[in-house]
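Presented below is the structure to which this report refers.
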Amino acid sequence: MMIHLRMLMGCSILAIGLGAAAPDPVYTVRDDGIVSASVGGAQGTLRIDPGAPALPILAKPYALRAGLKSGMFGLHYKVGPSGVHGVTAVTRLIVDGMEIRRRVGWFDTPYATGADGVIGPGGLPAPVVRFELHAPRPGERTLDLPLVDGGALIGNWGGLFGEIIVGGVPMKVRFDLHHRLSLASAGAAQRIAAAQGGALTGPVDQAEIAFGIARPVRRMTLTIPFVIGPMALNALHVRVSDYGNAATIRDADVTPDPEEIIVTGKAKRDPSRDRLSIGRDALEQCSSITFDKPAKRIRLSCL
């Protein structure tokens with residue numbers, strides 16, 4: 001899943017300032033993350049989501065109710081080969097009492113249901129954003145990862161990721177509380193399979209990613225558990241054709257023909273596009289996720 005900002009006409013890019021009030025150093029997100037919001041004086045709700053972009057994404061009816069007029073920058077949100085187009089505007093918004101002025105976007109198709117929009121921790125002015133998932137449990141350990149952004153044409157609009165090393169190369173990790181499955185892009189799955197003895201099993205299924213767009217996935221079991229701090233994944237699901245190709249991963253449901261000759265070739269692939277999304281199936285073992293932006297660290301407390 002990638003979001004791109006496209007300029008519809010040439011202009012200089014001006015920095016967007018924050019509100020005058022200094023934010024509290026730590027902002028805590030509880031329950032479903034849905035909080036009160038105001039955009040252009042129109043009251044609504046936003047979901048604070050650890051896997052969402054910093055750029056607030058509004059439902060189109062809310063953007064229209066707030067009287068927003070689309071500006072010269074448009075959006076294209078890409079999910080595999082599919083995508084949706086949107087527009088943006090600069091406005092002042094209040095999110096649970098925190099006032100900020102920044103660019104927001106909206107699409108004909110909603111990003112998610114249950115609120116008038118979403119915003120990631122990178123879009124909030126608080127230096128530290130802590131998601132409390134449930135009460136801490138005895139024996140929890142801390143997973144401490146470098147915090148990196150998703151890269152952007154304009155700073156501070158992409159998502160915030162953790163970073164791990166797989167096969168000697170960095171890989172971005174996203175934390176998704178609103179989808180059950182942990183998912184790897186095809187390129188990421190190739191690297192994980194090579195390091196952990198992965199094999200695809202079972203039929204092709206469909207998994208919703210964002211904007212209601214579903215992509216084909218298969219389960220990949222691992223001979224060696226994939227350990228990320230206190231988390232140990234014995235299996236995950238693979239987006240078999242997104243940002244790479246999973247054809248080179250062994251298929252446990254297929255018995256190789258002893259007479260078969262397999263021809264493989266090396267194609268240039270950008271490993272920086274590899275993504276691993278940790279879903280609720282693994283995050284249920286964690287009591288909190290903390291995005292410490294000044295320290296550039298993400299910390300999870302998990303069993």
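By order of appearance in the structure tokens: chains A, B, ..., then residues from 1 within every chain, and ligands from 1 in the order shown.
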
request  = Find the residues near Ala195 of chain A: any atom within 10 Å, counting only C-alpha atoms, skip ones fewer than 6 places away on the same chain, and give them as a count of residues only.
outcome  = 8

message = For Ala194 of chain A, find every residue with an atom within 10 Å (counting only C-alpha atoms), except residues of its own chain fewer than 2 positions away, and show them as a list in words.
response = Val166, Gly167, Ala189, Gln190, Arg191, Ile192, Gln196, Gly197, Gly198, Ala199, Leu222, Thr248, Ile249 and Arg250 of chain A

inquiry  = Please list as a list in words every residue within 12 Å of Gln285 of chain A, counting only C-alpha atoms and excluding residues in the same chain fewer than 5 positions away.
reply    = Leu133, His134, Ala135, Pro136, Arg137, Pro138, Gly139, Glu140, Arg141, Thr142, Leu143, Leu177, Pro230, Met231, Ala232, Leu233, Ile278, Gly279, Arg280, Leu300, Ser301, Cys302 and Leu303 of chain A

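Excluding Gly159 of chain A and any residue on its chain fewer than 6 positions from it, the residues at most 9 Å away by only C-alpha atoms are A:Pro50, A:Gly51, A:Ala52, A:Pro53, A:Ala54, A:Leu55, A:Gly120, A:Pro121, A:Gly122, A:Gly123, A:Val148, A:Asp149, A:Gly150, A:Gly151, A:Arg174.
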
Those in segment 136-248 of chain A with alpha helix (DSSP H) from DSSP, as number ranges by chain = A: 186-196

Next, the residues of the selection above should be written as a short mmCIF file (atom, residue, chain, number, x, y, z; two decimals), in the first residue's frame with all heavy atoms.
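This went into result.cif:
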data_model
loop_
_atom_site.label_atom_id
_atom_site.label_comp_id
_atom_site.auth_asym_id
_atom_site.auth_seq_id
_atom_site.Cartn_x
_atom_site.Cartn_y
_atom_site.Cartn_z
N ALA A 186 4.99 -9.39 -1.63
CA ALA A 186 5.65 -10.54 -2.24
C ALA A 186 7.16 -10.47 -2.08
O ALA A 186 7.82 -11.47 -1.76
CB ALA A 186 5.27 -10.63 -3.72
N GLY A 187 7.74 -9.28 -2.28
CA GLY A 187 9.18 -9.14 -2.13
C GLY A 187 9.64 -9.38 -0.71
O GLY A 187 10.66 -10.04 -0.47
N ALA A 188 8.89 -8.84 0.26
CA ALA A 188 9.23 -9.07 1.67
C ALA A 188 9.13 -10.55 2.01
O ALA A 188 9.96 -11.11 2.74
CB ALA A 188 8.32 -8.25 2.57
N ALA A 189 8.09 -11.23 1.48
CA ALA A 189 7.91 -12.64 1.76
C ALA A 189 9.05 -13.47 1.19
O ALA A 189 9.47 -14.47 1.81
CB ALA A 189 6.58 -13.11 1.17
N GLN A 190 9.57 -13.10 0.02
CA GLN A 190 10.72 -13.82 -0.53
C GLN A 190 11.90 -13.79 0.44
O GLN A 190 12.54 -14.81 0.70
CB GLN A 190 11.15 -13.17 -1.85
CG GLN A 190 10.32 -13.54 -3.04
CD GLN A 190 10.93 -12.97 -4.32
OE1 GLN A 190 12.11 -12.68 -4.39
NE2 GLN A 190 10.10 -12.81 -5.33
N ARG A 191 12.18 -12.61 0.98
CA ARG A 191 13.30 -12.48 1.90
C ARG A 191 13.07 -13.26 3.19
O ARG A 191 13.98 -13.92 3.71
CB ARG A 191 13.56 -11.00 2.19
CG ARG A 191 14.14 -10.26 0.99
CD ARG A 191 13.98 -8.76 1.10
NE ARG A 191 14.61 -8.22 2.31
CZ ARG A 191 14.49 -6.94 2.68
NH1 ARG A 191 13.76 -6.10 1.95
NH2 ARG A 191 15.09 -6.52 3.77
N ILE A 192 11.85 -13.17 3.72
CA ILE A 192 11.53 -13.89 4.96
C ILE A 192 11.59 -15.40 4.72
O ILE A 192 12.11 -16.15 5.54
CB ILE A 192 10.16 -13.45 5.49
CG1 ILE A 192 10.19 -11.97 5.89
CG2 ILE A 192 9.74 -14.31 6.68
CD1 ILE A 192 8.83 -11.37 6.20
N ALA A 193 11.05 -15.86 3.58
CA ALA A 193 11.06 -17.29 3.27
C ALA A 193 12.49 -17.81 3.16
O ALA A 193 12.79 -18.92 3.64
CB ALA A 193 10.31 -17.55 1.96
N ALA A 194 13.37 -17.04 2.54
CA ALA A 194 14.75 -17.47 2.38
C ALA A 194 15.45 -17.58 3.73
O ALA A 194 16.26 -18.48 3.96
CB ALA A 194 15.50 -16.50 1.47
N ALA A 195 15.13 -16.66 4.64
CA ALA A 195 15.80 -16.64 5.95
C ALA A 195 15.19 -17.63 6.93
O ALA A 195 15.91 -18.16 7.79
CB ALA A 195 15.74 -15.22 6.53
N GLN A 196 13.88 -17.90 6.81
CA GLN A 196 13.19 -18.69 7.83
C GLN A 196 12.62 -20.00 7.32
O GLN A 196 11.89 -20.67 8.04
CB GLN A 196 12.02 -17.85 8.42
CG GLN A 196 12.38 -16.44 8.84
CD GLN A 196 13.45 -16.36 9.89
OE1 GLN A 196 14.41 -15.63 9.78
NE2 GLN A 196 13.28 -17.15 10.94
#

ask   = DSSP on the backbone: what in segment 45-226 of chain A comes out strand (DSSP E or B), as a ChimeraX atom specification?
value = /A:45-48,57-59,73-79,82-95,98-107,117-119,128-132,141-149,160-166,169-175,183-185,198-210,213-226

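Residues within 10 Å of Asp292 of chain A, counting only C-alpha atoms and excluding same-chain residues fewer than 2 positions away, are Pro25, Val26, Pro121, Gly122, Ala126, Pro127, Val128, Val129, Arg130, Pro146, Leu147, Ile289, Thr290, Pro294, Ala295, Lys296, Arg297, Ile298 and Arg299 of chain A.
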
Take the selection from the previous step and output its residues with N, CA and C atoms, as an mmCIF file, in the first residue's frame.
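Output file result_15.cif follows:
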data_model
loop_
_atom_site.group_PDB
_atom_site.id
_atom_site.type_symbol
_atom_site.label_atom_id
_atom_site.label_comp_id
_atom_site.auth_asym_id
_atom_site.auth_seq_id
_atom_site.Cartn_x
_atom_site.Cartn_y
_atom_site.Cartn_z
ATOM 1 N N PRO A 25 3.576 16.352 25.861
ATOM 2 C CA PRO A 25 4.655 15.517 25.335
ATOM 3 C C PRO A 25 4.214 14.104 24.986
ATOM 4 N N VAL A 26 3.234 13.558 25.727
ATOM 5 C CA VAL A 26 2.759 12.205 25.442
ATOM 6 C C VAL A 26 1.246 12.252 25.256
ATOM 7 N N PRO A 121 -0.122 8.557 13.617
ATOM 8 C CA PRO A 121 0.603 9.256 14.686
ATOM 9 C C PRO A 121 1.545 10.330 14.158
ATOM 10 N N GLY A 122 2.023 10.178 12.923
ATOM 11 C CA GLY A 122 2.903 11.193 12.359
ATOM 12 C C GLY A 122 2.207 12.510 12.091
ATOM 13 N N ALA A 126 1.715 15.955 18.997
ATOM 14 C CA ALA A 126 2.352 15.415 20.199
ATOM 15 C C ALA A 126 3.648 14.706 19.826
ATOM 16 N N PRO A 127 4.743 14.967 20.548
ATOM 17 C CA PRO A 127 6.013 14.295 20.221
ATOM 18 C C PRO A 127 5.964 12.787 20.396
ATOM 19 N N VAL A 128 5.199 12.316 21.388
ATOM 20 C CA VAL A 128 5.100 10.879 21.663
ATOM 21 C C VAL A 128 3.624 10.492 21.616
ATOM 22 N N VAL A 129 3.314 9.482 20.802
ATOM 23 C CA VAL A 129 1.940 8.988 20.693
ATOM 24 C C VAL A 129 1.948 7.530 21.131
ATOM 25 N N ARG A 130 1.163 7.249 22.168
ATOM 26 C CA ARG A 130 1.143 5.908 22.775
ATOM 27 C C ARG A 130 -0.233 5.288 22.597
ATOM 28 N N PRO A 146 13.929 1.089 15.346
ATOM 29 C CA PRO A 146 14.086 2.416 14.736
ATOM 30 C C PRO A 146 12.781 2.845 14.070
ATOM 31 N N LEU A 147 12.468 4.119 14.159
ATOM 32 C CA LEU A 147 11.286 4.690 13.525
ATOM 33 C C LEU A 147 11.720 5.390 12.247
ATOM 34 N N ILE A 289 1.775 0.287 22.026
ATOM 35 C CA ILE A 289 2.684 0.665 20.939
ATOM 36 C C ILE A 289 2.970 2.149 21.119
ATOM 37 N N THR A 290 4.223 2.524 21.213
ATOM 38 C CA THR A 290 4.601 3.917 21.462
ATOM 39 C C THR A 290 5.458 4.428 20.312
ATOM 40 N N PRO A 294 10.705 12.271 18.616
ATOM 41 C CA PRO A 294 12.024 12.903 18.816
ATOM 42 C C PRO A 294 13.162 11.888 18.891
ATOM 43 N N ALA A 295 12.911 10.744 19.543
ATOM 44 C CA ALA A 295 13.948 9.712 19.669
ATOM 45 C C ALA A 295 14.041 8.835 18.427
ATOM 46 N N LYS A 296 13.051 8.954 17.515
ATOM 47 C CA LYS A 296 12.982 8.123 16.313
ATOM 48 C C LYS A 296 12.976 6.627 16.670
ATOM 49 N N ARG A 297 12.102 6.282 17.610
ATOM 50 C CA ARG A 297 11.965 4.902 18.053
ATOM 51 C C ARG A 297 10.487 4.519 18.128
ATOM 52 N N ILE A 298 10.190 3.254 17.854
ATOM 53 C CA ILE A 298 8.887 2.652 18.125
ATOM 54 C C ILE A 298 9.102 1.552 19.155
ATOM 55 N N ARG A 299 8.314 1.586 20.227
ATOM 56 C CA ARG A 299 8.455 0.603 21.288
ATOM 57 C C ARG A 299 7.129 -0.120 21.494
#

ask   = Do you know which residues are at most 8 Å from segment 84-86 of chain A counting only C-alpha atoms, after dropping those on the same chain fewer than 6 positions away, and could you put them as an MDAnalysis selection string?
value = chainID A and resid 74:78 105:109

task = Take atom CA of Val240 of chain A and atom CA of Asp49 of chain A and report the distance between them in Å, one decimal.
result =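 For atom CA of Val240 of chain A relative to atom CA of Asp49 of chain A, the distance reads 25.4 Å.
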
query = Of the residues A:Gly41, A:Gly162, A:Gly67, A:Pro216, which is the one nearest to Arg275 of chain A, using only C-alpha atoms?
reply =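 Smallest distance to Arg275 of chain A is found for A:Gly162.
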
key: Test item: residues at most 6 Å from Phe131 of chain A, only C-alpha atoms, excluding those fewer than 5 positions along its chain, as a PyMOL selection string   = chain A and resi 28-29+288-289

task = Check the smallest atom-to-atom distance from each of A:Phe211, A:Leu200, A:Gly168, A:Asp281 to Arg180 of chain A using only C-alpha atoms, then report the winner.
result =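 The closest residue to Arg180 of chain A is A:Asp281.
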
query = Which is closer to Ile228 of chain A than all the others in A:Ile164, A:Lys293, A:Leu58, A:Gly71, using only C-alpha atoms?
reply = A:Ile164

task = Could you check how far atom CA of Gly33 of chain A sits from atom CA of Leu160 of chain A, in Å to one decimal?
result =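 Calculated distance between atom CA of Gly33 of chain A and atom CA of Leu160 of chain A is 16.7 Å.
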
inquiry  = As an exercise, work out the distance from atom CA of Gly158 of chain A to atom CA of Ala247 of chain A in Å and give it to one decimal place.
reply    = 29.7 Å
